[in-house]
Amino acid sequence: MNVIKAWELGYTGKGVVVTVLDDGIQHNHTDIASNYDPQASYDLNDNDPDPMPILNKINGHGTRCAGEIAMAPNNSFCGVGIAYNAKIGGVRMLDGKVTDRIEAEALSYNIDHIDIYSASWGPKDDGKTVDGPGRLTQKAILKGIQQGRGGKGVIYVWASGNGGMQDDDCNCDGYMDTIYTLSVSSVTADGTSPWYAEKCAATLASTFSNGQYEKQMITTTDIGNKCTGTFAGTSASSPMAAAIIALGLDAKFVKF
């Protein structure tokens with residue numbers, strides 16, 4: 001991905017705002033706190049401004065995504081985010097019943113402040129579920145790409161799913177199969193498609209993630225102010241792509 005070369009050219013995501021739509025982010029984490037942006041954050045599950053997740057083993061997904069994007073550099077903790085000078089927020093929306101209204105509110109939250117939205121969720125990866133955004137969510141996405149970022153359009157980045165072994169097809173996923181989102185799959189260190197990847201025409205890009213489950217996973221932040229070296233799947237690929245796009249916006253010039 002030539003990230004180090006981008007850093008050497010001075011592109012670090014400065015001035016770009018990314019938010020993770022997930023189960024919340026632990027914003028007081030040592031590697032996240034300095035880049036945390038409360039204006040890019042909200043808790044839709046409890047209807048308050050604080051997206052802090054419940055601190056248990058099953059609610060670390062959003063925190064892991066956020067770390068990939070904007071872990072602070074040079075503090076000898078978990079690692080460094082790809083866009084380590086970007087501002088990072090989180091919308092807590094998955095730790096409760098996910099409705100069309102919840103999705104729409106998440107995807108339209110503060111669209112004049114947030115540049116990039118990263119989502120690593122969607123319909124069941126079971127090879128038989130055909131699903132997509134409801135009417136409110138469709139309207140929210142359309143508003144975001146038409147009116148967000150001061151009329152330039154926000155950028156929605158979506159993980160393409162992990163249902164490869166179930167013959168799931170992301171063409172049947174309405175969050176991917178649309179011109180308004182960037183669908184991201186995974187590629188292994190040797191350049192091959194991993195066993196869990198869904199193969200479909202809707203996929204627009206792939207970023208690195210694991211191949212064999214026990215090897216070459218992603219190191220990032222984890223719940224409880226900890227680090228993990230086992231983040232994997234297309235869930236890890238979407239925030240990686242979002243961070244790379246943040247570098248691109250920084251290179252073009254702030255706010256594009």
# chains A, B, ... in the order shown; residues from 1 in each chain; ligands from 1

$ closest_atom_pairs --of "stretch 141-230 of chain A" --to "stretch 103-113 of chain A" --cutoff "6 Å" --atoms "only C-alpha atoms" --output "CSV"
residue,atom,partner,partner_atom,distance
A:Gly148,CA,A:Ile111,CA,4.7
A:Arg149,CA,A:Asp112,CA,4.6
A:Gly150,CA,A:Asp112,CA,5.7

$ write_last_selection --atoms "N, CA and C atoms" --output "PDB file, in the first residue's frame"
ATOM      1  N   GLY A 148     -23.225  16.051   1.806  1.00  0.00           N
ATOM      2  CA  GLY A 148     -22.201  16.005   2.844  1.00  0.00           C
ATOM      3  C   GLY A 148     -20.897  16.669   2.437  1.00  0.00           C
ATOM      4  N   ARG A 149     -20.074  16.950   3.416  1.00  0.00           N
ATOM      5  CA  ARG A 149     -18.768  17.608   3.190  1.00  0.00           C
ATOM      6  C   ARG A 149     -18.938  18.911   2.404  1.00  0.00           C
ATOM      7  N   GLY A 150     -19.955  19.674   2.763  1.00  0.00           N
ATOM      8  CA  GLY A 150     -20.164  20.947   2.091  1.00  0.00           C
ATOM      9  C   GLY A 150     -20.509  20.821   0.624  1.00  0.00           C
TER      10      GLY A 150
END

$ residues_around --residues "A:Gly60" --least-positions-apart "2" --cutoff "10 Å" --atoms "only C-alpha atoms" --output "ChimeraX atom specification"
/A:22-26,53-58,62-65,221-224

$ write_last_selection --atoms "C-alpha atoms" --output "compact mmCIF listing (two decimals), in the first residue's frame"
# COMPACT_ATOMS: atom_id res chain seq x y z
CA ASP A 22 -20.15 0.01 15.02
CA ASP A 23 -20.57 -1.04 18.66
CA GLY A 24 -18.83 2.11 19.93
CA ILE A 25 -15.20 3.04 20.47
CA GLN A 26 -13.21 3.25 23.68
CA PRO A 53 -18.99 0.65 24.49
CA ILE A 54 -19.83 -1.72 27.29
CA LEU A 55 -16.39 -2.94 28.31
CA ASN A 56 -16.66 -6.66 27.68
CA LYS A 57 -15.15 -9.13 25.24
CA ILE A 58 -17.90 -8.87 22.64
CA GLY A 62 -15.45 -0.72 16.78
CA THR A 63 -12.40 0.04 18.93
CA ARG A 64 -10.32 -2.30 16.79
CA CYS A 65 -11.51 -0.61 13.61
CA THR A 221 -6.35 -1.27 19.72
CA ASP A 222 -8.70 -3.37 21.82
CA ILE A 223 -11.24 -2.89 24.55
CA GLY A 224 -10.00 -2.33 28.11

$ residues_around --residues "stretch 160-176 of chain A" --least-positions-apart "3" --cutoff "7 Å" --atoms "only C-alpha atoms" --output "ChimeraX atom specification"
/A:123,125-128,130-133,181,183-185,195-203,233-234

$ atom_distance --atom1 "atom CA of A:Ala119" --atom2 "atom CA of A:Arg92"
11.4 Å

$ select_by_dssp --residues "stretch 37-153 of chain A" --states "strand (DSSP E)" --output "ChimeraX atom specification"
/A:42-43,87-92,116-119

$ write_last_selection --atoms "N, CA and C atoms" --output "tab-separated table (two decimals), in the first residue's frame"
chain	number	residue	atom	x	y	z
A	42	TYR	N	-21.39	9.63	18.48
A	42	TYR	CA	-22.68	9.64	19.17
A	42	TYR	C	-23.05	8.20	19.54
A	43	ASP	N	-23.88	8.08	20.56
A	43	ASP	CA	-24.39	6.78	20.98
A	43	ASP	C	-25.88	6.71	20.64
A	87	LYS	N	-8.63	12.73	12.53
A	87	LYS	CA	-9.50	12.70	13.69
A	87	LYS	C	-10.43	11.50	13.56
A	88	ILE	N	-10.67	10.83	14.69
A	88	ILE	CA	-11.46	9.60	14.67
A	88	ILE	C	-12.65	9.72	15.61
A	89	GLY	N	-13.80	9.29	15.13
A	89	GLY	CA	-15.01	9.26	15.94
A	89	GLY	C	-15.68	7.91	15.83
A	90	GLY	N	-16.73	7.74	16.60
A	90	GLY	CA	-17.48	6.50	16.55
A	90	GLY	C	-18.95	6.73	16.81
A	91	VAL	N	-19.79	6.06	16.06
A	91	VAL	CA	-21.23	6.08	16.32
A	91	VAL	C	-21.62	4.69	16.83
A	92	ARG	N	-22.05	4.64	18.07
A	92	ARG	CA	-22.46	3.36	18.67
A	92	ARG	C	-23.88	3.06	18.23
A	116	ILE	N	-15.41	10.66	6.09
A	116	ILE	CA	-15.44	9.24	5.73
A	116	ILE	C	-16.15	8.45	6.82
A	117	TYR	N	-17.04	7.57	6.41
A	117	TYR	CA	-17.73	6.66	7.33
A	117	TYR	C	-17.26	5.24	7.02
A	118	SER	N	-16.84	4.51	8.05
A	118	SER	CA	-16.39	3.13	7.87
A	118	SER	C	-17.39	2.18	8.54
A	119	ALA	N	-17.89	1.22	7.76
A	119	ALA	CA	-18.87	0.25	8.27
A	119	ALA	C	-18.38	-1.17	8.00

$ residues_around --residues "A:Met240" --least-positions-apart "3" --cutoff "12 Å" --atoms "only C-alpha atoms" --output "ChimeraX atom specification"
/A:1,3,18,20,64-71,81-84,116-120,157-159,184-187,205-209,218-220,231-237,243-247

$ select_by_dssp --residues "stretch 89-207 of chain A" --states "helix (DSSP H, G or I)" --output "ChimeraX atom specification"
/A:100-107,135-147,149-151,164-166,170-172

$ atom_distance --atom1 "atom CA of A:Val16" --atom2 "atom CA of A:Thr137"
24.0 Å

$ atom_distance --atom1 "atom CA of A:Leu9" --atom2 "atom CA of A:Pro73"
16.3 Å

$ closest_residue --among "A:Gly191, A:Pro38, A:Pro49, A:Gly13" --to "A:Asn210" --atoms "only C-alpha atoms"
A:Gly191
